[in-house]
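*Asks:* The structure follows.
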Amino acid sequence: MRVTRREFLRLLAEGAVALGFLRISSLVPSGSLTEVVRPPGSVEEEFFNTLCVRCGVCVEVCPTNAIVFADYMDGVEAANTPKINPIIGPCEFYRGRCDTEMKCGKFCPTGALQLISKNGVKMGTALLNQGICLAYLGKECVVCDELCPVPDAITLDEQKRPHFHSDNCVGCGICVHYCPAQPKALTLSSTGARRVRWPR
Amino acid sequence: MSKVPISRRKFIKILGGLAVAAGVSGVLYEQFRPKDYPAKQVKPDAYTQDGKSLVSIIKGNSDADIDAMVRAAVSAIGGIGKLVSSGKTVVVKPAVLTSDPNCAPDPKVVAAVIKLARDAGGRVIVAETSGGGNTEYCLSQVGITSASQAAGAEVKPLTRDEEIPMEVPKGTSLRRVRTYKTIYGADVIISVPRLKRHGNTAVTISLKNMMGVIPQAEMGRFHNTSLSQCIADLNTVLKPDLTVVDATYAMAGAGPTGGTMVRMDTVMASGDAVAIDRVGAQRLQEIEQQRGIPSFKVADVTHISAAATLGVGTNDLSKISIIERTLE
């Protein structure tokens, strides 16, 4: 195949634009980089991408398929590392099939995900958009409060509207997964996540 | 610019052809698409006396004789023989919300109901879709799987069953609903809920328990439209033929999860889901008032009155006769 000078220059320019889209600046390590919600038992973000070998075992063993591969939009350095997508499935580390033993931490071969007890784990915080929430729109819905496994993370006021208490929320994403509003009134953010210290 | 490869006339012809094809295929699809199943035939209440719905309330010691309490509750209104005969398929529907045993009925009550239906000659299936979490896991975690299998029933998490769309002819908010083949093919449906408070609908007893025979996505749609009306509409096509309410321990206060467990030592039974909800709601409210727990007004429970309006049953206390007994 022959490439003319013009084509070669154009390829270079296109590559530069593409790298811009991939947020090349985040290749420079500077502490906690991404806003990705990691599975329970993850080590601190700055060591996570180094320890994780992108093998995908955690994605395979997750019983609810909540763990998915992060993509390039989460940063080039985080591509193909595990993240939680609560729309696909909730994390059952607090109550459910993993409440005795977290499968992702158990099978992680490198220690990027540690096998720890569920006490004190906080993956993130659920955030409520009151403009979409069905209860704030006057409909009969408290599904988040019904299914929340944590006592006092969600309370109802007199009009039966949910109030979220970020200190108690463990970020499992059960409320996000089962929220019947379209689009969902809840999002899971990595705000306030507590990670495993590394080196231990 | 070189010659345009397609003439205006040809382009318009192609557009016209596409429009005709779309129209024809639309008509053909409407002709041959899978039709909704007709509404499931609802049997009239088998447990009535002089035109009144019977509700039995049996008190006893729930540590020792749950089996006897369930037996007494069902025989007080006329016995299981009125519904179940040899060879009938009986679906027992426990109310399982999460993997928390406090939210589900006592497995001993479920087992006692299964034994009753099996003694009458029925083939018993325990079928359920849990509100949250994995249904199979929740059923085994609350102890219903092992207790039901020991009592001789087949346990069927409905999430593994075939979904079917069904018409709801009398529905006001709900025109069609997806349910499962097992439920559609059942001869008798026995609902086994726990007496509980609920954040939205005030109480969750027999009528609301029927939300567990539809897929989880449909439950979401109910909340998105109008929950109380949808529950009432659903019960016009999927009505329990018999309800056995586990009120050995009731959940008061902040239901349906994490409420206060109150010992009531009671098992209730009725063939009329609306009547038993009406009576159960009143009992729950009395208990809450005694204990000083913030309560609700029975008249405000919208899904009970909506179901009564649609003719599912009666919520008029003058048309309900209550049989109350205490076991020795």
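Here's how to read the names in the structure tokens: chain A, B, ... by the order shown, residue numbers from 1 in each chain, ligand numbers from 1 in the order shown.
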Please tabulate, as JSON lines, the residues of chain B that come within 7 Å of chain A, each with its closest pair of atoms and the distance in Å to one decimal, counting only C-alpha atoms and ordering rows by chain, then residue number upward.
*Replies:*
```
{"residue": "B:Ser99", "atom": "CA", "partner": "A:Gly96", "partner_atom": "CA", "distance": 6.9}
{"residue": "B:Gly132", "atom": "CA", "partner": "A:Leu147", "partner_atom": "CA", "distance": 6.3}
{"residue": "B:Gly199", "atom": "CA", "partner": "A:Val142", "partner_atom": "CA", "distance": 6.7}
{"residue": "B:Asn200", "atom": "CA", "partner": "A:Glu140", "partner_atom": "CA", "distance": 5.7}
{"residue": "B:Gly220", "atom": "CA", "partner": "A:Pro180", "partner_atom": "CA", "distance": 4.6}
{"residue": "B:Arg221", "atom": "CA", "partner": "A:Pro180", "partner_atom": "CA", "distance": 6.7}
{"residue": "B:His223", "atom": "CA", "partner": "A:Cys141", "partner_atom": "CA", "distance": 5.4}
{"residue": "B:Asn224", "atom": "CA", "partner": "A:Pro180", "partner_atom": "CA", "distance": 6.3}
{"residue": "B:Ser226", "atom": "CA", "partner": "A:Glu140", "partner_atom": "CA", "distance": 6.6}
{"residue": "B:Leu227", "atom": "CA", "partner": "A:Glu140", "partner_atom": "CA", "distance": 5.9}
{"residue": "B:Pro256", "atom": "CA", "partner": "A:Glu146", "partner_atom": "CA", "distance": 6.1}
{"residue": "B:Thr257", "atom": "CA", "partner": "A:Glu146", "partner_atom": "CA", "distance": 5.8}
```
*Asks:* With N, CA and C atoms retained, could you export that selection as a PDB file, in the first residue's frame?
*Replies:*
```pdb
ATOM      1  N   SER B  99     -34.355 -10.635  50.736  1.00  0.00           N
ATOM      2  CA  SER B  99     -33.855 -11.830  51.421  1.00  0.00           C
ATOM      3  C   SER B  99     -34.001 -11.699  52.937  1.00  0.00           C
ATOM      4  N   GLY B 132     -37.271  -7.304  45.017  1.00  0.00           N
ATOM      5  CA  GLY B 132     -35.890  -6.916  44.756  1.00  0.00           C
ATOM      6  C   GLY B 132     -34.982  -8.114  44.917  1.00  0.00           C
ATOM      7  N   GLY B 199     -45.104   1.689  52.892  1.00  0.00           N
ATOM      8  CA  GLY B 199     -44.883   3.130  52.779  1.00  0.00           C
ATOM      9  C   GLY B 199     -45.887   3.824  51.873  1.00  0.00           C
ATOM     10  N   ASN B 200     -46.215   3.213  50.738  1.00  0.00           N
ATOM     11  CA  ASN B 200     -47.116   3.850  49.774  1.00  0.00           C
ATOM     12  C   ASN B 200     -48.565   3.508  50.006  1.00  0.00           C
ATOM     13  N   GLY B 220     -42.238  -2.044  38.143  1.00  0.00           N
ATOM     14  CA  GLY B 220     -41.751  -0.685  37.960  1.00  0.00           C
ATOM     15  C   GLY B 220     -42.787   0.177  37.254  1.00  0.00           C
ATOM     16  N   ARG B 221     -43.436  -0.414  36.239  1.00  0.00           N
ATOM     17  CA  ARG B 221     -44.452   0.321  35.477  1.00  0.00           C
ATOM     18  C   ARG B 221     -45.630   0.702  36.372  1.00  0.00           C
ATOM     19  N   HIS B 223     -45.529   1.481  39.544  1.00  0.00           N
ATOM     20  CA  HIS B 223     -45.174   2.662  40.323  1.00  0.00           C
ATOM     21  C   HIS B 223     -45.183   3.907  39.449  1.00  0.00           C
ATOM     22  N   ASN B 224     -44.883   3.688  38.174  1.00  0.00           N
ATOM     23  CA  ASN B 224     -44.782   4.800  37.251  1.00  0.00           C
ATOM     24  C   ASN B 224     -46.155   5.330  36.856  1.00  0.00           C
ATOM     25  N   SER B 226     -49.979   4.407  38.382  1.00  0.00           N
ATOM     26  CA  SER B 226     -50.733   4.728  39.593  1.00  0.00           C
ATOM     27  C   SER B 226     -50.841   3.442  40.378  1.00  0.00           C
ATOM     28  N   LEU B 227     -50.030   3.331  41.420  1.00  0.00           N
ATOM     29  CA  LEU B 227     -49.818   2.044  42.082  1.00  0.00           C
ATOM     30  C   LEU B 227     -51.117   1.436  42.613  1.00  0.00           C
ATOM     31  N   PRO B 256     -42.403  -1.531  53.975  1.00  0.00           N
ATOM     32  CA  PRO B 256     -42.448  -2.992  54.061  1.00  0.00           C
ATOM     33  C   PRO B 256     -41.123  -3.613  54.497  1.00  0.00           C
ATOM     34  N   THR B 257     -40.065  -2.835  54.675  1.00  0.00           N
ATOM     35  CA  THR B 257     -38.833  -3.399  55.227  1.00  0.00           C
ATOM     36  C   THR B 257     -38.452  -2.588  56.445  1.00  0.00           C
TER      37      THR B 257
END
```
*Asks:* Can you pull out every residue from chain A that DSSP, working from the backbone, puts in helix (DSSP H, G or I), and format the result as an NGL selection string?
*Replies:* :A and (5-21 or 24-27 or 45-51 or 57-61 or 72-74 or 76-78 or 103-107 or 143-147 or 174-178)
*Asks:* For the atom pair atom CA of B:Gln229 and atom CA of B:Gly258, what is the interatomic distance in Å to one decimal place?
*Replies:* 25.5 Å
*Asks:* Name the closest residue to B:Ala232 among the candidates B:Ile322, B:Leu28, B:Ile276, B:Leu174; distances are taken between atoms, counting only C-alpha atoms.
*Replies:*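 Of the candidates, the smallest distance to B:Ala232 is held by B:Leu174.
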*Asks:* Considering only C-alpha atoms, state which residue in the set A:Gly41, A:Pro86, A:Gly192, A:Gly15 is at the smallest distance from A:Gly111.
*Replies:*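 That would be A:Gly41, the residue with the smallest distance to A:Gly111.
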